[in-house]
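Structure data follow from start.cif (mmCIF, C-alpha atoms):
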```cif
data_run
loop_
_atom_site.label_atom_id
_atom_site.label_comp_id
_atom_site.auth_asym_id
_atom_site.auth_seq_id
_atom_site.Cartn_x
_atom_site.Cartn_y
_atom_site.Cartn_z
CA MET A 26 2.47 18.55 1.99
CA THR A 27 0.74 20.69 -0.50
CA ALA A 28 -0.05 24.11 0.92
CA GLY A 29 -3.70 24.52 1.75
CA LEU A 30 -4.46 20.89 2.64
CA ALA A 31 -6.43 20.67 5.86
CA GLY A 32 -4.33 19.69 8.85
CA CYS A 33 -1.05 19.83 6.93
CA SER A 34 1.69 22.33 6.53
CA PRO A 35 4.12 22.60 3.62
CA GLY A 36 7.14 20.33 4.06
CA SER A 37 5.47 18.27 6.81
CA ASP A 38 4.74 14.59 6.33
CA SER A 39 2.37 14.09 9.25
CA GLY A 40 -1.36 13.72 8.98
CA LEU A 41 -2.01 13.01 5.31
CA PRO A 42 -3.31 9.49 4.59
CA ALA A 43 -2.61 7.50 1.42
CA ARG A 44 -4.56 5.56 -1.20
CA PRO A 45 -3.59 3.66 -4.34
CA ALA A 46 -3.62 5.96 -7.38
CA VAL A 47 -6.81 4.70 -9.00
CA ARG A 48 -10.11 6.42 -9.70
CA HIS A 49 -11.88 6.67 -6.34
CA VAL A 50 -15.66 6.82 -6.13
CA ARG A 51 -15.74 7.96 -2.50
CA CYS A 52 -13.47 9.93 -0.19
CA PHE A 53 -12.25 8.63 3.19
CA ASN A 54 -15.36 10.12 4.84
CA GLY A 55 -17.71 8.32 2.44
CA HIS A 56 -18.76 11.19 0.16
CA ASP A 57 -19.44 10.43 -3.49
CA LEU A 58 -16.67 12.42 -5.21
CA ASP A 59 -18.76 13.09 -8.32
CA ILE A 60 -21.23 14.96 -6.11
CA ALA A 61 -18.87 16.38 -3.47
CA GLY A 62 -16.22 17.44 -5.98
CA GLN A 63 -12.57 16.46 -6.05
CA THR A 64 -9.44 18.57 -6.37
CA ILE A 65 -6.29 16.95 -7.71
CA SER A 66 -2.98 18.57 -6.87
CA TYR A 67 0.68 17.70 -6.41
CA ASP A 68 2.88 17.64 -3.32
CA HIS A 69 6.25 19.05 -4.35
CA SER A 70 7.90 18.12 -1.06
CA VAL A 71 7.55 14.36 -1.70
CA TYR A 72 6.79 14.37 -5.46
CA VAL A 73 3.42 12.64 -5.16
CA PRO A 74 -0.02 13.61 -6.50
CA THR A 75 -2.68 14.42 -3.92
CA SER A 76 -6.47 14.50 -4.02
CA SER A 77 -8.98 16.15 -1.75
CA CYS A 78 -12.73 16.03 -1.31
CA ASN A 79 -14.09 19.53 -1.83
CA LEU A 80 -17.04 18.92 0.51
CA CYS A 81 -14.78 17.63 3.30
CA GLN A 82 -12.53 20.67 2.83
CA THR A 83 -15.56 23.00 3.10
CA LEU A 84 -16.82 21.18 6.21
CA GLY A 85 -13.34 21.15 7.76
CA LEU A 86 -13.36 17.36 8.18
CA SER A 87 -10.24 15.35 8.91
CA ARG A 88 -8.93 12.99 6.21
CA SER A 89 -10.22 15.37 3.54
CA ALA A 90 -7.03 15.02 1.47
CA TRP A 91 -4.74 12.10 0.68
CA PHE A 92 -1.63 11.03 -1.19
CA GLU A 93 -2.27 9.15 -4.46
CA ILE A 94 0.41 6.42 -4.43
CA ASP A 95 1.37 5.02 -7.85
CA LEU A 96 1.42 1.21 -7.66
CA ARG A 97 4.30 0.97 -10.13
CA PHE A 98 7.67 0.36 -8.52
CA ALA A 99 11.16 1.69 -8.44
CA HIS A 100 13.51 -1.29 -8.34
CA GLU A 101 16.22 0.47 -6.43
CA THR A 102 16.48 3.38 -4.04
CA PRO A 103 15.27 6.53 -5.79
CA PRO A 104 17.91 9.18 -6.58
CA THR A 105 16.31 11.86 -4.41
CA GLN A 106 15.56 11.64 -0.71
CA ALA A 107 12.43 13.81 -1.08
CA GLU A 108 10.05 11.19 -2.43
CA LEU A 109 7.26 8.95 -1.24
CA VAL A 110 7.81 5.85 -3.35
CA LEU A 111 7.12 2.13 -3.53
CA ILE A 112 10.21 0.01 -3.98
CA ALA A 113 10.32 -3.62 -5.10
CA ARG A 114 13.11 -5.68 -3.62
CA PRO A 115 13.07 -8.77 -5.81
CA PRO A 116 13.99 -12.18 -4.41
CA THR A 117 17.47 -13.58 -4.97
CA THR A 118 15.95 -16.61 -6.76
CA LYS A 119 12.62 -17.10 -8.53
CA ALA A 120 9.67 -17.84 -6.23
CA ALA A 121 11.68 -16.93 -3.11
CA VAL A 122 10.61 -14.16 -0.76
CA GLY A 123 10.95 -10.58 -1.98
CA GLN A 124 9.71 -7.35 -0.45
CA VAL A 125 7.48 -4.41 -1.24
CA VAL A 126 8.65 -1.33 0.65
CA LEU A 127 7.23 2.17 1.03
CA GLN A 128 9.88 4.85 1.59
CA LEU A 129 9.51 8.48 2.54
CA ARG A 130 12.58 10.66 2.07
CA GLY A 131 14.81 7.59 1.97
CA GLN A 132 13.43 6.10 5.20
CA GLN A 133 11.33 2.95 5.17
CA ILE A 134 7.89 3.61 6.67
CA GLY A 135 6.31 0.28 5.73
CA GLY A 136 6.77 -2.99 3.96
CA LEU A 137 5.67 -6.56 3.47
CA ASP A 138 7.19 -9.86 2.37
CA LEU A 139 5.97 -11.27 -0.91
CA TRP A 140 6.30 -14.67 -2.57
CA LEU A 141 5.36 -14.88 -6.27
CA CYS A 142 5.41 -17.87 -8.61
CA GLY A 143 4.78 -17.08 -12.26
CA ILE A 144 4.60 -20.76 -13.20
CA ASP A 145 1.82 -21.69 -10.78
CA ARG A 146 0.41 -18.13 -10.75
CA ARG A 147 0.37 -18.04 -6.96
CA GLY A 148 1.20 -15.29 -4.52
CA VAL A 149 1.63 -15.20 -0.74
CA ILE A 150 1.56 -11.92 1.17
CA GLY A 151 3.53 -11.84 4.41
CA PRO A 152 2.91 -9.62 7.43
CA VAL A 153 2.27 -5.95 6.65
CA ARG A 154 4.54 -3.71 8.70
CA VAL A 155 3.92 0.04 8.97
CA ASP A 156 5.81 2.40 11.28
CA ALA A 157 3.61 3.30 14.27
CA SER A 158 3.45 7.00 13.35
CA TYR A 159 2.00 6.14 9.90
CA ARG A 160 -0.61 3.55 10.90
CA ARG A 161 -4.34 3.95 10.26
CA ARG A 162 -3.67 6.25 7.31
CA GLY A 163 -3.96 3.80 4.40
CA PHE A 164 -0.26 3.02 3.90
CA GLY A 165 -0.78 -0.69 4.70
CA THR A 166 -3.65 -0.84 2.20
CA VAL A 167 -1.37 0.73 -0.43
CA LEU A 168 1.25 -1.98 0.26
CA VAL A 169 -1.33 -4.77 -0.13
CA ALA A 170 -2.71 -3.22 -3.34
CA ALA A 171 0.83 -2.91 -4.73
CA ALA A 172 1.56 -6.56 -3.92
CA LEU A 173 -1.68 -7.73 -5.57
CA ALA A 174 -0.90 -5.60 -8.65
CA ARG A 175 2.34 -7.58 -9.14
CA GLY A 176 0.36 -10.77 -9.75
CA PRO A 177 -2.85 -10.04 -11.64
CA ARG A 178 -5.13 -13.07 -11.87
CA TYR A 179 -2.93 -14.98 -9.41
CA ARG A 180 -4.38 -17.11 -6.62
CA TRP A 181 -3.54 -15.37 -3.36
CA SER A 182 -3.08 -16.33 0.27
CA THR A 183 -1.53 -14.64 3.29
CA THR A 184 0.65 -15.73 6.15
CA ALA A 185 -1.01 -16.06 9.55
CA ILE A 186 -2.79 -12.90 10.65
CA GLY A 187 -2.42 -13.52 14.37
CA GLU A 188 -4.84 -12.83 17.16
CA SER A 189 -4.46 -9.06 17.48
CA VAL A 190 -7.67 -7.13 16.93
CA ALA A 191 -5.82 -4.50 14.87
CA GLY A 192 -4.32 -7.15 12.57
CA ARG A 193 -7.64 -8.92 12.06
CA ALA A 194 -9.44 -5.59 11.45
CA PHE A 195 -6.81 -4.57 8.87
CA CYS A 196 -7.08 -7.90 7.02
CA ALA A 197 -10.89 -7.77 7.08
CA ALA A 198 -10.88 -4.26 5.57
CA GLN A 199 -8.81 -5.20 2.50
CA CYS A 200 -10.31 -5.77 -0.96
CA TRP A 201 -8.98 -9.27 -1.59
CA PRO A 202 -9.46 -10.94 -4.97
CA ASP A 203 -12.01 -13.75 -5.07
CA GLY A 204 -10.60 -17.00 -3.73
CA THR A 205 -7.97 -15.37 -1.49
CA GLN A 206 -7.12 -17.41 1.59
CA PRO A 207 -6.29 -14.97 4.42
CA SER A 208 -4.24 -16.53 7.22
CA SER A 209 -3.74 -19.80 5.28
CA PRO A 210 -0.51 -19.48 3.29
CA PHE A 211 -0.24 -21.77 0.29
CA TYR A 212 3.39 -22.08 -0.80
CA CYS A 213 3.63 -23.85 -4.16
CA SER A 214 6.41 -26.38 -4.79
CA HIS A 215 8.59 -23.72 -6.48
CA MET A 216 8.33 -21.45 -3.42
CA LYS A 217 9.21 -24.36 -1.13
CA LEU A 218 12.22 -25.32 -3.27
CA SER A 219 13.50 -21.74 -3.34
CA ASN A 220 13.20 -21.62 0.46
CA GLY A 221 15.27 -24.84 0.73
CA GLU A 222 12.36 -27.05 1.76
CA ASP A 223 11.75 -30.59 0.57
CA VAL A 224 8.81 -30.95 -1.79
#
```

If you convert what's in this file into structure tokens, what do you get?
Amino acid sequence: MTAGLAGCSPGSDSGLPARPAVRHVRCFNGHDLDIAGQTISYDHSVYVPTSSCNLCQTLGLSRSAWFEIDLRFAHETPPTQAELVLIARPPTTKAAVGQVVLQLRGQQIGGLDLWLCGIDRRGVIGPVRVDASYRRRGFGTVLVAAALARGPRYRWSTTAIGESVAGRAFCAAQCWPDGTQPSSPFYCSHMKLSNGEDV
């Protein structure tokens, strides 16, 4: 972590949440960043930019700082083990299942399955998996945002959410594009063929 971030010590990877690297209007605690002030820094231990809400820092609030995760992908394991990086694991055939993975220092801390069809412009997001010690810190949201960024203007659906309260709450908190069908996967004919199903 970057020295000076509340609740974090240099070289530690516990405590700091994550967000997609886009312009944020509000911090995790709901403050308007134009009014509260925002400090942008860089974490040299994992090679990722960080942001913090100046007001939250002054008030000593938790979740005052966060990683800014770039939604662009590495397509293979990064050369250094000291990075927090998104990795795309493409499918073996077009429209088959691939993966989006989040790695920290070479260890997978989260991932999801992803089906994309460029012909039909459809995408299906599979279950989001985040290591228990990294949950409720925005890493799952980063994975979903990264998946959606791979298919701009696609029609999206997700695999079944399940009955768990945590799973339903996570799905309900995401910013899905208009027309997304959560918990109702729509596999186009190309996806079905690539999975060996009859069409």

Reference answer for the PyMOL selection byres ((chain A and resi 95) around 10), as a list in words: Arg44, Pro45, Ala46, Val47, Val73, Pro74, Phe92, Glu93, Ile94, Leu96, Arg97, Phe98, Leu109, Val110, Leu111, Val167 and Ala171 of chain A

Straight-line distance linking CA of Ser87 (chain A) with CA of Asp57 (chain A), stated in Å to one decimal: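 Rounded to one decimal, the two atoms are 16.2 Å apart.
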
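Among the candidates A:Arg178, A:Arg160, A:Arg147, A:His56, the residue lying nearest to Phe211 (chain A) is A:Arg147 (atoms considered: all atoms listed in the file).
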
Ile112 (chain A) surroundings by only C-alpha atoms, 12 Å radius, close-in-sequence under 2 positions cut, as number ranges by chain: A: 94-103, 108-110, 114-115, 123-129, 131-137, 168, 171-172

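Here CA of Ala194 (chain A) and CA of Gly55 (chain A) stand 18.5 Å from one another.
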
Answer key for the PyMOL selection byres ((chain A and resi 119) around 12), residues as a list in words: Pro115, Pro116, Thr117, Thr118, Ala120, Ala121, Val122, Gly123, Leu139, Trp140, Leu141, Cys142, Gly143, Ile144, Asp145, Ser214, His215, Met216, Lys217, Leu218, Ser219 and Asn220 of chain A

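Counting only C-alpha atoms, the residue from A:Leu173, A:Ile150, A:Val155, A:Ala191 that sits nearest to Ser208 (chain A) is A:Ile150.
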
d(CA of Cys52 (chain A), CA of Ala170 (chain A)) in Å: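 Going from CA of Cys52 (chain A) over to CA of Ala170 (chain A) covers 17.3 Å.
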
Pick from A:Cys81, A:Val149, A:Leu86, A:Ala113 nearest to Pro210 (chain A), counting all atoms listed in the file: A:Val149

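Closest to Tyr212 (chain A) among A:Thr183, A:Ser189, A:Asn54, A:Ser77 is A:Thr183, based on only C-alpha atoms.
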
Explicit residue set for the PyMOL selection byres ((chain A and resi 89) around 12), as a PyMOL selection string: chain A and resi 29-33+40-43+51-56+58+61-64+75-88+90-92+162

Could you give me the axis-aligned bounding box of region 122-127 of chain A, with 3 Å of padding per side, as centre plus edge lengths in Å to one decimal, as lines of an AutoDock Vina configuration file?
```
center_x = 9.1
center_y = -6.0
center_z = -0.5
size_x = 9.7
size_y = 22.3
size_z = 9.0
```

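In terms of minimum interatomic distance to Thr166 (chain A), A:Arg154 ranks closest within A:Arg154, A:Arg146, A:Arg48, A:Arg180, counting only C-alpha atoms.
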
Please produce region 194-212 of chain A, completed to N, CA and C atoms, as a PDB file, in the frame of the given file.
```pdb
ATOM      1  N   ALA A 194      -8.629  -6.677  12.024  1.00  0.00           N
ATOM      2  CA  ALA A 194      -9.440  -5.590  11.450  1.00  0.00           C
ATOM      3  C   ALA A 194      -8.817  -5.111  10.135  1.00  0.00           C
ATOM      4  N   PHE A 195      -7.487  -4.994  10.101  1.00  0.00           N
ATOM      5  CA  PHE A 195      -6.810  -4.570   8.870  1.00  0.00           C
ATOM      6  C   PHE A 195      -7.078  -5.578   7.759  1.00  0.00           C
ATOM      7  N   CYS A 196      -6.890  -6.858   8.037  1.00  0.00           N
ATOM      8  CA  CYS A 196      -7.080  -7.900   7.020  1.00  0.00           C
ATOM      9  C   CYS A 196      -8.531  -7.916   6.531  1.00  0.00           C
ATOM     10  N   ALA A 197      -9.474  -7.744   7.446  1.00  0.00           N
ATOM     11  CA  ALA A 197     -10.890  -7.770   7.080  1.00  0.00           C
ATOM     12  C   ALA A 197     -11.289  -6.569   6.228  1.00  0.00           C
ATOM     13  N   ALA A 198     -10.543  -5.469   6.309  1.00  0.00           N
ATOM     14  CA  ALA A 198     -10.880  -4.260   5.570  1.00  0.00           C
ATOM     15  C   ALA A 198     -10.290  -4.233   4.155  1.00  0.00           C
ATOM     16  N   GLN A 199      -9.446  -5.201   3.815  1.00  0.00           N
ATOM     17  CA  GLN A 199      -8.810  -5.200   2.500  1.00  0.00           C
ATOM     18  C   GLN A 199      -9.748  -5.731   1.418  1.00  0.00           C
ATOM     19  N   CYS A 200      -9.528  -5.301   0.197  1.00  0.00           N
ATOM     20  CA  CYS A 200     -10.310  -5.770  -0.960  1.00  0.00           C
ATOM     21  C   CYS A 200      -9.539  -6.915  -1.611  1.00  0.00           C
ATOM     22  N   TRP A 201      -9.700  -8.115  -1.074  1.00  0.00           N
ATOM     23  CA  TRP A 201      -8.980  -9.270  -1.590  1.00  0.00           C
ATOM     24  C   TRP A 201      -9.651  -9.786  -2.857  1.00  0.00           C
ATOM     25  N   PRO A 202      -8.858 -10.304  -3.799  1.00  0.00           N
ATOM     26  CA  PRO A 202      -9.460 -10.940  -4.970  1.00  0.00           C
ATOM     27  C   PRO A 202     -10.255 -12.172  -4.547  1.00  0.00           C
ATOM     28  N   ASP A 203     -11.235 -12.544  -5.360  1.00  0.00           N
ATOM     29  CA  ASP A 203     -12.010 -13.750  -5.070  1.00  0.00           C
ATOM     30  C   ASP A 203     -11.077 -14.940  -4.915  1.00  0.00           C
ATOM     31  N   GLY A 204     -11.380 -15.792  -3.950  1.00  0.00           N
ATOM     32  CA  GLY A 204     -10.600 -17.000  -3.730  1.00  0.00           C
ATOM     33  C   GLY A 204      -9.379 -16.818  -2.848  1.00  0.00           C
ATOM     34  N   THR A 205      -9.122 -15.594  -2.368  1.00  0.00           N
ATOM     35  CA  THR A 205      -7.970 -15.370  -1.490  1.00  0.00           C
ATOM     36  C   THR A 205      -8.171 -16.102  -0.178  1.00  0.00           C
ATOM     37  N   GLN A 206      -7.086 -16.677   0.326  1.00  0.00           N
ATOM     38  CA  GLN A 206      -7.120 -17.410   1.590  1.00  0.00           C
ATOM     39  C   GLN A 206      -6.346 -16.636   2.647  1.00  0.00           C
ATOM     40  N   PRO A 207      -6.993 -15.675   3.351  1.00  0.00           N
ATOM     41  CA  PRO A 207      -6.290 -14.970   4.420  1.00  0.00           C
ATOM     42  C   PRO A 207      -5.940 -15.941   5.556  1.00  0.00           C
ATOM     43  N   SER A 208      -4.753 -15.778   6.070  1.00  0.00           N
ATOM     44  CA  SER A 208      -4.240 -16.530   7.220  1.00  0.00           C
ATOM     45  C   SER A 208      -4.023 -18.013   6.933  1.00  0.00           C
ATOM     46  N   SER A 209      -4.013 -18.409   5.666  1.00  0.00           N
ATOM     47  CA  SER A 209      -3.740 -19.800   5.280  1.00  0.00           C
ATOM     48  C   SER A 209      -2.761 -19.801   4.109  1.00  0.00           C
ATOM     49  N   PRO A 210      -1.469 -19.589   4.398  1.00  0.00           N
ATOM     50  CA  PRO A 210      -0.510 -19.480   3.290  1.00  0.00           C
ATOM     51  C   PRO A 210      -0.421 -20.775   2.490  1.00  0.00           C
ATOM     52  N   PHE A 211      -0.431 -20.634   1.172  1.00  0.00           N
ATOM     53  CA  PHE A 211      -0.240 -21.770   0.290  1.00  0.00           C
ATOM     54  C   PHE A 211       1.047 -21.504  -0.492  1.00  0.00           C
ATOM     55  N   TYR A 212       2.115 -22.201  -0.107  1.00  0.00           N
ATOM     56  CA  TYR A 212       3.390 -22.080  -0.800  1.00  0.00           C
ATOM     57  C   TYR A 212       3.462 -23.198  -1.831  1.00  0.00           C
TER      58      TYR A 212
END
```
